[in-house]
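Q: Input file: structure_33.txt. Contents: compact mmCIF, C-alpha atoms.
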```txt
# COMPACT_ATOMS: atom_id res chain seq x y z
CA MET A 1 25.32 138.28 64.21
CA SER A 2 25.88 134.49 64.21
CA LYS A 3 25.58 132.40 67.38
CA TRP A 4 27.99 129.64 68.35
CA VAL A 5 27.91 126.64 70.67
CA GLU A 6 31.20 126.11 72.49
CA GLU A 7 32.32 122.70 73.77
CA GLU A 8 35.37 122.00 75.93
CA ILE A 9 37.14 118.95 74.49
CA GLU A 10 39.90 118.94 77.09
CA THR A 11 41.69 121.40 79.33
CA GLY A 12 43.02 124.15 77.09
CA LEU A 13 41.03 123.07 74.03
CA ARG A 14 37.60 124.43 73.15
CA VAL A 15 35.76 124.07 69.86
CA GLY A 16 32.97 126.23 68.49
CA TYR A 17 30.08 125.18 66.21
CA ARG A 18 27.86 127.65 64.39
CA LEU A 19 24.31 127.38 65.79
CA LYS A 20 21.60 127.55 63.13
CA LYS A 21 18.60 126.90 65.38
CA ILE A 22 17.57 125.70 68.83
CA LEU A 23 14.93 123.06 68.14
CA ASP A 24 13.94 122.24 71.73
CA SER A 25 15.30 122.05 75.27
CA SER A 26 14.33 120.24 78.44
CA GLN A 27 15.57 119.86 82.01
CA SER A 28 15.19 116.46 83.65
CA GLU A 29 15.88 115.41 87.22
CA PHE A 30 19.37 114.33 86.16
CA GLN A 31 20.51 116.43 83.21
CA THR A 32 19.84 119.13 80.63
CA VAL A 33 18.94 117.96 77.13
CA ASP A 34 18.98 120.17 74.03
CA LEU A 35 18.17 119.47 70.40
CA VAL A 36 19.91 121.96 68.13
CA ASP A 37 20.77 122.40 64.48
CA LEU A 38 24.53 122.88 64.14
CA GLU A 39 25.96 123.93 60.79
CA PRO A 40 28.63 121.20 60.51
CA PHE A 41 26.53 118.32 61.88
CA GLY A 42 22.83 119.02 61.32
CA ARG A 43 20.35 118.03 64.02
CA THR A 44 22.34 117.39 67.20
CA LEU A 45 21.38 115.93 70.56
CA MET A 46 23.30 117.54 73.43
CA ILE A 47 23.35 116.41 77.07
CA ASP A 48 24.62 118.88 79.67
CA GLY A 49 26.17 120.97 76.91
CA LEU A 50 28.11 118.10 75.32
CA ILE A 51 27.40 116.50 71.96
CA GLN A 52 25.69 113.15 72.39
CA SER A 53 24.90 112.28 68.78
CA THR A 54 24.42 114.06 65.48
CA GLN A 55 22.34 113.49 62.38
CA CYS A 56 25.40 113.30 60.17
CA ASP A 57 27.27 110.47 61.91
CA GLU A 58 25.37 108.86 64.80
CA PHE A 59 25.28 105.69 62.71
CA VAL A 60 29.06 105.32 63.16
CA TYR A 61 28.85 105.11 66.95
CA HIS A 62 25.72 102.95 67.13
CA GLU A 63 26.60 100.50 64.37
CA ALA A 64 30.08 100.06 65.85
CA LEU A 65 28.63 99.51 69.33
CA VAL A 66 26.00 96.95 68.34
CA HIS A 67 26.81 94.94 65.24
CA PRO A 68 30.28 93.50 65.97
CA ALA A 69 28.97 91.74 69.09
CA LEU A 70 25.68 90.57 67.58
CA LEU A 71 27.37 89.34 64.41
CA ALA A 72 30.03 87.53 66.45
CA HIS A 73 27.38 85.65 68.44
CA PRO A 74 26.07 82.59 66.55
CA ASN A 75 22.39 83.25 67.35
CA PRO A 76 21.66 86.29 69.55
CA ARG A 77 18.10 86.01 70.85
CA SER A 78 18.16 88.05 74.07
CA VAL A 79 19.90 91.41 74.50
CA TYR A 80 20.24 93.75 77.48
CA ILE A 81 21.02 97.45 76.95
CA GLY A 82 22.19 99.60 79.86
CA GLY A 83 21.51 103.25 79.02
CA GLY A 84 20.83 104.07 75.40
CA GLY A 85 17.93 106.42 76.15
CA GLU A 86 17.85 108.02 72.72
CA GLY A 87 16.79 104.68 71.23
CA SER A 88 19.45 104.35 68.54
CA THR A 89 21.18 101.37 70.17
CA ALA A 90 17.87 99.52 70.45
CA ARG A 91 17.14 100.42 66.82
CA GLU A 92 20.31 98.69 65.65
CA VAL A 93 19.77 95.66 67.93
CA LEU A 94 16.23 95.15 66.65
CA ARG A 95 17.44 95.03 63.06
CA HIS A 96 18.77 91.55 63.85
CA LYS A 97 16.15 88.99 62.83
CA SER A 98 17.16 86.52 65.54
CA VAL A 99 16.49 88.91 68.45
CA GLU A 100 13.36 87.93 70.36
CA ARG A 101 13.80 90.04 73.49
CA CYS A 102 15.57 93.37 73.95
CA VAL A 103 15.57 94.91 77.42
CA MET A 104 16.61 98.57 77.54
CA VAL A 105 17.11 100.22 80.93
CA ASP A 106 17.66 103.96 81.23
CA ILE A 107 17.37 105.98 84.41
CA ASP A 108 16.08 109.21 82.84
CA ALA A 109 12.43 109.03 81.74
CA ASP A 110 12.44 112.66 80.57
CA VAL A 111 15.34 112.11 78.17
CA VAL A 112 13.71 108.96 76.78
CA THR A 113 10.44 110.86 76.21
CA PHE A 114 12.30 113.78 74.66
CA CYS A 115 14.03 111.45 72.20
CA LYS A 116 10.79 109.63 71.39
CA ASP A 117 9.26 112.99 70.50
CA HIS A 118 12.16 114.33 68.44
CA LEU A 119 14.03 111.42 66.81
CA PRO A 120 11.65 109.90 64.24
CA GLU A 121 14.30 107.46 62.97
CA ASN A 122 13.92 105.58 66.27
CA ALA A 123 10.12 105.50 66.40
CA ALA A 124 9.90 101.96 65.02
CA ALA A 125 12.34 100.69 67.66
CA PHE A 126 10.35 102.21 70.53
CA ALA A 127 7.17 100.67 69.09
CA ASP A 128 8.69 97.22 68.49
CA PRO A 129 6.97 94.59 70.70
CA ARG A 130 10.34 92.89 71.29
CA LEU A 131 11.56 95.96 73.20
CA GLU A 132 11.07 96.07 76.96
CA LEU A 133 11.74 99.66 78.06
CA ILE A 134 12.42 100.05 81.78
CA ILE A 135 13.03 103.37 83.52
CA ASP A 136 15.34 102.45 86.38
CA ASP A 137 18.95 101.93 87.38
CA ALA A 138 20.66 99.64 84.82
CA LYS A 139 22.81 97.96 87.48
CA ALA A 140 19.91 97.24 89.84
CA VAL A 141 17.72 95.81 87.08
CA LEU A 142 20.48 93.55 85.76
CA GLU A 143 21.23 92.26 89.27
CA LYS A 144 17.59 91.20 89.72
CA GLU A 145 17.18 89.69 86.25
CA GLN A 146 16.51 85.96 86.48
CA ASN A 147 17.05 85.17 82.79
CA GLY A 148 20.46 85.32 81.14
CA PHE A 149 21.31 87.28 78.01
CA ASP A 150 23.17 86.34 74.86
CA VAL A 151 24.54 89.87 74.47
CA ILE A 152 24.81 92.68 77.04
CA ILE A 153 25.49 96.21 75.79
CA MET A 154 26.47 99.14 77.98
CA ASP A 155 25.78 102.48 76.29
CA LEU A 156 26.63 104.78 79.17
CA ASP A 157 28.42 108.03 79.91
CA ASP A 158 32.14 107.81 80.57
CA PRO A 159 33.14 106.64 84.08
CA LEU A 160 34.11 109.97 85.58
CA GLU A 161 35.05 109.50 89.21
CA GLY A 162 32.10 110.43 91.37
CA GLY A 163 29.81 110.52 88.33
CA PRO A 164 26.52 108.58 88.06
CA CYS A 165 27.98 105.85 85.82
CA TYR A 166 31.24 105.22 87.64
CA GLN A 167 29.94 102.10 89.44
CA LEU A 168 29.04 100.50 86.11
CA TYR A 169 32.67 100.26 85.01
CA THR A 170 34.17 98.52 88.05
CA THR A 171 35.56 95.00 88.47
CA GLU A 172 32.69 94.19 90.83
CA PHE A 173 30.07 95.26 88.29
CA TYR A 174 31.71 93.33 85.47
CA GLU A 175 31.85 90.19 87.62
CA MET A 176 28.10 90.47 88.26
CA LEU A 177 27.46 91.20 84.59
CA ARG A 178 29.48 88.17 83.51
CA SER A 179 27.22 85.97 85.63
CA LYS A 180 24.19 87.28 83.68
CA LEU A 181 25.53 86.17 80.30
CA ASN A 182 24.27 82.93 78.83
CA PRO A 183 26.94 80.35 77.91
CA GLY A 184 28.76 81.75 74.90
CA GLY A 185 27.49 85.24 75.68
CA ILE A 186 29.21 88.47 74.66
CA PHE A 187 29.52 91.79 76.48
CA VAL A 188 30.24 95.07 74.70
CA THR A 189 30.67 98.57 76.09
CA GLN A 190 31.43 102.00 74.77
CA ALA A 191 34.80 103.08 76.12
CA GLY A 192 35.29 106.75 75.37
CA ALA A 193 37.86 108.58 73.29
CA ALA A 194 40.54 106.25 71.92
CA GLY A 195 42.85 108.60 70.06
CA ILE A 196 46.57 108.98 70.55
CA LYS A 197 46.20 111.35 73.50
CA GLN A 198 42.82 110.69 75.12
CA HIS A 199 42.90 106.87 75.19
CA ARG A 200 44.71 106.88 78.55
CA LEU A 201 41.72 108.44 80.32
CA VAL A 202 38.97 105.87 79.71
CA TRP A 203 39.58 103.44 76.82
CA SER A 204 42.75 101.84 78.17
CA PRO A 205 41.63 101.64 81.85
CA ILE A 206 38.36 99.94 80.85
CA ASN A 207 40.34 97.40 78.85
CA SER A 208 42.50 96.63 81.89
CA THR A 209 39.45 96.26 84.15
CA LEU A 210 37.72 93.91 81.73
CA ARG A 211 40.84 91.75 81.40
CA ALA A 212 40.76 91.21 85.15
CA VAL A 213 37.29 89.64 84.78
CA PHE A 214 36.97 88.09 81.31
CA PRO A 215 39.38 85.59 79.70
CA ALA A 216 38.97 87.22 76.29
CA VAL A 217 38.73 90.95 75.51
CA THR A 218 38.88 92.63 72.10
CA ALA A 219 39.41 96.39 71.76
CA TYR A 220 38.43 98.33 68.67
CA LYS A 221 37.99 101.94 67.60
CA HIS A 222 36.77 104.14 64.76
CA ALA A 223 36.86 107.84 63.97
CA VAL A 224 33.67 109.72 64.86
CA TYR A 225 33.66 113.08 63.10
CA SER A 226 31.41 114.93 65.54
CA PHE A 227 33.41 113.66 68.55
CA LEU A 228 36.60 115.08 66.99
CA ASP A 229 38.54 111.93 67.84
CA GLU A 230 38.65 108.19 67.43
CA TRP A 231 36.08 106.47 69.65
CA GLY A 232 36.57 103.13 71.35
CA TRP A 233 34.63 100.02 72.34
CA HIS A 234 35.49 96.72 74.02
CA MET A 235 33.98 93.26 73.52
CA ALA A 236 34.46 90.62 76.19
CA SER A 237 33.56 86.95 76.52
CA ASP A 238 34.63 83.66 78.08
CA SER A 239 35.49 82.53 74.54
CA ALA A 240 38.41 84.04 72.64
CA GLU A 241 37.01 82.57 69.44
CA LEU A 242 33.76 84.54 69.79
CA VAL A 243 35.43 87.95 70.10
CA ALA A 244 38.11 87.31 67.48
CA PRO A 245 37.82 89.61 64.43
CA LEU A 246 35.69 88.29 61.58
CA THR A 247 36.98 88.33 58.02
CA PRO A 248 35.37 90.82 55.60
CA ALA A 249 33.71 87.88 53.83
CA GLU A 250 32.26 86.61 57.12
CA VAL A 251 30.93 90.08 57.98
CA ASP A 252 29.28 90.44 54.57
CA ALA A 253 27.70 86.99 54.76
CA ARG A 254 26.31 87.50 58.25
CA LEU A 255 24.98 90.97 57.46
CA LYS A 256 23.17 89.60 54.43
CA GLU A 257 21.72 86.64 56.33
CA ARG A 258 20.83 88.24 59.64
CA LEU A 259 20.10 91.95 59.25
CA LEU A 260 17.02 93.86 58.18
CA GLY A 261 18.03 96.67 55.81
CA GLU A 262 21.47 98.01 54.99
CA THR A 263 24.20 99.30 57.27
CA THR A 264 26.09 102.50 56.51
CA LEU A 265 29.36 101.90 58.35
CA LEU A 266 29.57 98.12 57.97
CA HIS A 267 29.35 96.96 54.37
```
Kindly transcribe the structure held in the file into structure tokens.

A:
Amino acid sequence: MSKWVEEEIETGLRVGYRLKKILDSSQSEFQTVDLVDLEPFGRTLMIDGLIQSTQCDEFVYHEALVHPALLAHPNPRSVYIGGGGEGSTAREVLRHKSVERCVMVDIDADVVTFCKDHLPENAAAFADPRLELIIDDAKAVLEKEQNGFDVIIMDLDDPLEGGPCYQLYTTEFYEMLRSKLNPGGIFVTQAGAAGIKQHRLVWSPINSTLRAVFPAVTAYKHAVYSFLDEWGWHMASDSAELVAPLTPAEVDARLKERLLGETTLLH
């Protein structure tokens, strides 16, 4: 008899995935983390029963989160990552030759250790001397940081009211974050489902909040197969020119000049 993992996408809509194998499970102070092999997606990281990333398409989410902002910046040397415990965001940041310092702050040490143990594609990132891994609250660490950053990335859970990440999507937080950007700096955040129905919940409200703080905000989205929807991100800056879309020729030229290795989504 086959076993299935069921995920609730929204009220009234549940989706089932055939479970091939449970690879490992762990319970941290904050959440439950499972690594499973799902038939449609391969090796899959799940947090509290929800798909976090999958072997078949995690590159879509992480390349879309990281590279538009770092390619838009003329010379990104210092990067701050809020969240990102699995290490994939840091992996993509550290592919940029110009990056000298990457600070990654995640509150859950157990999840970070779990991902270090089970995601070999991120081993080089965790071992990179440019990475400063801090187990703490991303907001508190950023508030205390004395040095500015060229790019700040927020790779956090959606801002569910009353949830642990809600305070990291507010006007007050974005005002503080803006003060931590170097001149010409760029901020980028994941912004949840951005499809025709779900965009009203998170993607659009985040855009409105950012526009109350930053003079220039650019929204973008891309289909993520394992999320069963389009997913959204927002870039923000004091300069409209910096967050304006690059031409395909500009993207190709900057990828060739700046990046170690090849991208899968951006090419």

Q: Find the residue from A:Ile47, A:Leu260, A:Leu228, A:Ile206 that sits nearest to Leu94 in chain A; use all atoms listed in the file when measuring.

A: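 Ranked by minimum distance to Leu94 in chain A, first place goes to A:Leu260.
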
Q: Kindly extract all protein, DNA and RNA residues lying within 6 Å of the coordinates (18.9, 115.3, 76.9) given in the file, considering only C-alpha atoms, and supply them as a list of chain:residue names.

A: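 The answer, in the requested form, is A:Thr32, A:Val33, A:Asp34, A:Ile47, A:Val111.
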
Q: Select, from A:Pro215, A:Gly184, A:Gly85, A:Pro68, the residue with the minimum atom-to-atom distance to Ile135 in chain A, counting all atoms listed in the file.

A: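 Once distances to Ile135 in chain A are computed over all atoms listed in the file, the minimum belongs to A:Gly85.
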
Q: Quick one: residues within 9 Å of Tyr225 in chain A, all atoms listed in the file, excluding same-chain residues fewer than 5 positions away - as a list in words?

A: Phe41, Cys56, Asp57 and Glu230 of chain A

Q: Report, in Å with one decimal, the straight-line distance from CA of Val217 in chain A to CA of Ala236 in chain A.

A: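 If I compute the distance from CA of Val217 in chain A to CA of Ala236 in chain A, I get 4.3 Å.
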
Q: At most 12 Å from (42.3, 93.0, 68.0), file frame, all atoms listed in the file: which residues, as an MDAnalysis selection string?

A: chainID A and resid 207 216:221 233:236 240:241 243:246

Q: What is the distance, in Å and to one decimal place, between CA of Ile51 in chain A and CA of Glu8 in chain A?

A: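 So the two atoms, CA of Ile51 in chain A and CA of Glu8 in chain A, lie 10.5 Å apart.
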
Q: Which residues, written as a list of chain:residue names, have at least one atom at most 6 Å from Gly195 in chain A, with all atoms listed in the file counted and residues fewer than 2 positions away on the same chain left out?

A: A:Ala193, A:Lys197, A:Gln198, A:His199, A:Asp229, A:Glu230

Q: Choose the residue, out of A:Arg101, A:His62, A:Lys20, A:His222, that has the smallest atom-to-atom separation from Gly42 in chain A; count all atoms listed in the file.

A: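 Residue with the minimum atom-to-atom distance to Gly42 in chain A: A:Lys20.
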
Q: Of the residues A:Phe173, A:Ser226, A:Ala125, A:Ile196, which is the one nearest to Tyr17 in chain A, using all atoms listed in the file?

A: A:Ser226

Q: Would you list the contacts of Leu70 in chain A as a PDB file with C-alpha atoms, in the frame of the given file, taking every protein, DNA or RNA residue within 9 Å and counting all atoms listed in the file, but skipping same-chain residues closer than 5 positions in sequence?

A:
```pdb
ATOM      1  CA  ASN A  75      22.390  83.250  67.350  1.00  0.00           C
ATOM      2  CA  PRO A  76      21.660  86.290  69.550  1.00  0.00           C
ATOM      3  CA  VAL A  93      19.770  95.660  67.930  1.00  0.00           C
ATOM      4  CA  HIS A  96      18.770  91.550  63.850  1.00  0.00           C
ATOM      5  CA  ASP A 150      23.170  86.340  74.860  1.00  0.00           C
ATOM      6  CA  VAL A 151      24.540  89.870  74.470  1.00  0.00           C
ATOM      7  CA  ILE A 186      29.210  88.470  74.660  1.00  0.00           C
TER       8      ILE A 186
END
```

Q: Quick one: everything within 10 Å of Gln31 in chain A, counting all atoms listed in the file, minus sequence neighbours fewer than 2 positions away in the same chain. Send it as a PyMOL selection string.

A: chain A and resi 26-29+33+47-49+108+110-111

Q: Would you export the selected residues with C-alpha atoms as a tab-separated table (two decimals), in the coordinates of the input, please?

A:
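The result, stored in part18.tsv:
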```
chain	number	residue	atom	x	y	z
A	26	SER	CA	14.33	120.24	78.44
A	27	GLN	CA	15.57	119.86	82.01
A	28	SER	CA	15.19	116.46	83.65
A	29	GLU	CA	15.88	115.41	87.22
A	33	VAL	CA	18.94	117.96	77.13
A	47	ILE	CA	23.35	116.41	77.07
A	48	ASP	CA	24.62	118.88	79.67
A	49	GLY	CA	26.17	120.97	76.91
A	108	ASP	CA	16.08	109.21	82.84
A	110	ASP	CA	12.44	112.66	80.57
A	111	VAL	CA	15.34	112.11	78.17
```

Q: Since the input is missing atoms, can you rebuild all heavy atoms for range 107-118 of chain A and write them as a PDB file, in the coordinates of the input?

A:
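Here's the written file out.pdb:
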```
ATOM      1  N   ILE A 107      17.838 105.395  83.153  1.00  0.00           N
ATOM      2  CA  ILE A 107      17.370 105.980  84.410  1.00  0.00           C
ATOM      3  C   ILE A 107      16.564 107.262  84.214  1.00  0.00           C
ATOM      4  O   ILE A 107      15.828 107.689  85.107  1.00  0.00           O
ATOM      5  CB  ILE A 107      18.571 106.249  85.351  1.00  0.00           C
ATOM      6  CG1 ILE A 107      18.108 106.370  86.807  1.00  0.00           C
ATOM      7  CG2 ILE A 107      19.354 107.490  84.900  1.00  0.00           C
ATOM      8  CD1 ILE A 107      19.226 106.343  87.818  1.00  0.00           C
ATOM      9  N   ASP A 108      16.672 107.879  83.035  1.00  0.00           N
ATOM     10  CA  ASP A 108      16.080 109.210  82.840  1.00  0.00           C
ATOM     11  C   ASP A 108      14.861 109.145  81.916  1.00  0.00           C
ATOM     12  O   ASP A 108      14.983 109.156  80.687  1.00  0.00           O
ATOM     13  CB  ASP A 108      17.124 110.165  82.264  1.00  0.00           C
ATOM     14  CG  ASP A 108      16.741 111.618  82.461  1.00  0.00           C
ATOM     15  OD1 ASP A 108      15.535 111.925  82.471  1.00  0.00           O
ATOM     16  OD2 ASP A 108      17.651 112.454  82.612  1.00  0.00           O
ATOM     17  N   ALA A 109      13.672 109.108  82.507  1.00  0.00           N
ATOM     18  CA  ALA A 109      12.430 109.030  81.740  1.00  0.00           C
ATOM     19  C   ALA A 109      12.233 110.254  80.854  1.00  0.00           C
ATOM     20  O   ALA A 109      11.714 110.150  79.737  1.00  0.00           O
ATOM     21  CB  ALA A 109      11.239 108.871  82.672  1.00  0.00           C
ATOM     22  N   ASP A 110      12.648 111.425  81.335  1.00  0.00           N
ATOM     23  CA  ASP A 110      12.440 112.660  80.570  1.00  0.00           C
ATOM     24  C   ASP A 110      13.267 112.657  79.296  1.00  0.00           C
ATOM     25  O   ASP A 110      12.791 113.096  78.240  1.00  0.00           O
ATOM     26  CB  ASP A 110      12.802 113.881  81.424  1.00  0.00           C
ATOM     27  CG  ASP A 110      11.834 114.085  82.585  1.00  0.00           C
ATOM     28  OD1 ASP A 110      10.658 113.702  82.438  1.00  0.00           O
ATOM     29  OD2 ASP A 110      12.259 114.608  83.627  1.00  0.00           O
ATOM     30  N   VAL A 111      14.502 112.169  79.364  1.00  0.00           N
ATOM     31  CA  VAL A 111      15.340 112.110  78.170  1.00  0.00           C
ATOM     32  C   VAL A 111      14.769 111.102  77.171  1.00  0.00           C
ATOM     33  O   VAL A 111      14.740 111.348  75.963  1.00  0.00           O
ATOM     34  CB  VAL A 111      16.791 111.762  78.529  1.00  0.00           C
ATOM     35  CG1 VAL A 111      17.596 111.388  77.285  1.00  0.00           C
ATOM     36  CG2 VAL A 111      17.445 112.947  79.230  1.00  0.00           C
ATOM     37  N   VAL A 112      14.306 109.959  77.667  1.00  0.00           N
ATOM     38  CA  VAL A 112      13.710 108.960  76.780  1.00  0.00           C
ATOM     39  C   VAL A 112      12.486 109.553  76.066  1.00  0.00           C
ATOM     40  O   VAL A 112      12.329 109.416  74.846  1.00  0.00           O
ATOM     41  CB  VAL A 112      13.311 107.697  77.561  1.00  0.00           C
ATOM     42  CG1 VAL A 112      12.506 106.752  76.681  1.00  0.00           C
ATOM     43  CG2 VAL A 112      14.558 106.993  78.089  1.00  0.00           C
ATOM     44  N   THR A 113      11.627 110.233  76.813  1.00  0.00           N
ATOM     45  CA  THR A 113      10.440 110.860  76.210  1.00  0.00           C
ATOM     46  C   THR A 113      10.825 111.932  75.214  1.00  0.00           C
ATOM     47  O   THR A 113      10.238 112.030  74.121  1.00  0.00           O
ATOM     48  CB  THR A 113       9.548 111.463  77.309  1.00  0.00           C
ATOM     49  OG1 THR A 113       9.129 110.422  78.197  1.00  0.00           O
ATOM     50  CG2 THR A 113       8.319 112.141  76.712  1.00  0.00           C
ATOM     51  N   PHE A 114      11.815 112.735  75.558  1.00  0.00           N
ATOM     52  CA  PHE A 114      12.300 113.780  74.660  1.00  0.00           C
ATOM     53  C   PHE A 114      12.763 113.178  73.345  1.00  0.00           C
ATOM     54  O   PHE A 114      12.439 113.677  72.262  1.00  0.00           O
ATOM     55  CB  PHE A 114      13.446 114.538  75.341  1.00  0.00           C
ATOM     56  CG  PHE A 114      13.973 115.715  74.592  1.00  0.00           C
ATOM     57  CD1 PHE A 114      13.470 116.991  74.832  1.00  0.00           C
ATOM     58  CD2 PHE A 114      14.982 115.582  73.638  1.00  0.00           C
ATOM     59  CE1 PHE A 114      13.957 118.099  74.143  1.00  0.00           C
ATOM     60  CE2 PHE A 114      15.473 116.674  72.946  1.00  0.00           C
ATOM     61  CZ  PHE A 114      14.959 117.940  73.193  1.00  0.00           C
ATOM     62  N   CYS A 115      13.509 112.087  73.413  1.00  0.00           N
ATOM     63  CA  CYS A 115      14.030 111.450  72.200  1.00  0.00           C
ATOM     64  C   CYS A 115      12.915 110.773  71.401  1.00  0.00           C
ATOM     65  O   CYS A 115      12.930 110.784  70.168  1.00  0.00           O
ATOM     66  CB  CYS A 115      15.117 110.453  72.558  1.00  0.00           C
ATOM     67  SG  CYS A 115      16.620 111.242  73.225  1.00  0.00           S
ATOM     68  N   LYS A 116      11.958 110.200  72.086  1.00  0.00           N
ATOM     69  CA  LYS A 116      10.790 109.630  71.390  1.00  0.00           C
ATOM     70  C   LYS A 116      10.084 110.709  70.578  1.00  0.00           C
ATOM     71  O   LYS A 116       9.630 110.474  69.459  1.00  0.00           O
ATOM     72  CB  LYS A 116       9.811 109.039  72.402  1.00  0.00           C
ATOM     73  CG  LYS A 116      10.165 107.671  72.935  1.00  0.00           C
ATOM     74  CD  LYS A 116       9.044 107.188  73.850  1.00  0.00           C
ATOM     75  CE  LYS A 116       9.269 105.795  74.365  1.00  0.00           C
ATOM     76  NZ  LYS A 116       8.149 105.343  75.233  1.00  0.00           N
ATOM     77  N   ASP A 117       9.988 111.895  71.146  1.00  0.00           N
ATOM     78  CA  ASP A 117       9.260 112.990  70.500  1.00  0.00           C
ATOM     79  C   ASP A 117      10.029 113.611  69.341  1.00  0.00           C
ATOM     80  O   ASP A 117       9.417 114.151  68.410  1.00  0.00           O
ATOM     81  CB  ASP A 117       8.942 114.083  71.530  1.00  0.00           C
ATOM     82  CG  ASP A 117       7.921 113.637  72.567  1.00  0.00           C
ATOM     83  OD1 ASP A 117       7.209 112.643  72.310  1.00  0.00           O
ATOM     84  OD2 ASP A 117       7.855 114.277  73.645  1.00  0.00           O
ATOM     85  N   HIS A 118      11.374 113.546  69.379  1.00  0.00           N
ATOM     86  CA  HIS A 118      12.160 114.330  68.440  1.00  0.00           C
ATOM     87  C   HIS A 118      13.047 113.530  67.473  1.00  0.00           C
ATOM     88  O   HIS A 118      13.632 114.119  66.561  1.00  0.00           O
ATOM     89  CB  HIS A 118      13.052 115.306  69.207  1.00  0.00           C
ATOM     90  CG  HIS A 118      12.289 116.375  69.933  1.00  0.00           C
ATOM     91  ND1 HIS A 118      11.603 117.383  69.286  1.00  0.00           N
ATOM     92  CD2 HIS A 118      12.088 116.580  71.258  1.00  0.00           C
ATOM     93  CE1 HIS A 118      11.023 118.170  70.183  1.00  0.00           C
ATOM     94  NE2 HIS A 118      11.307 117.709  71.386  1.00  0.00           N
TER      95      HIS A 118
END
```
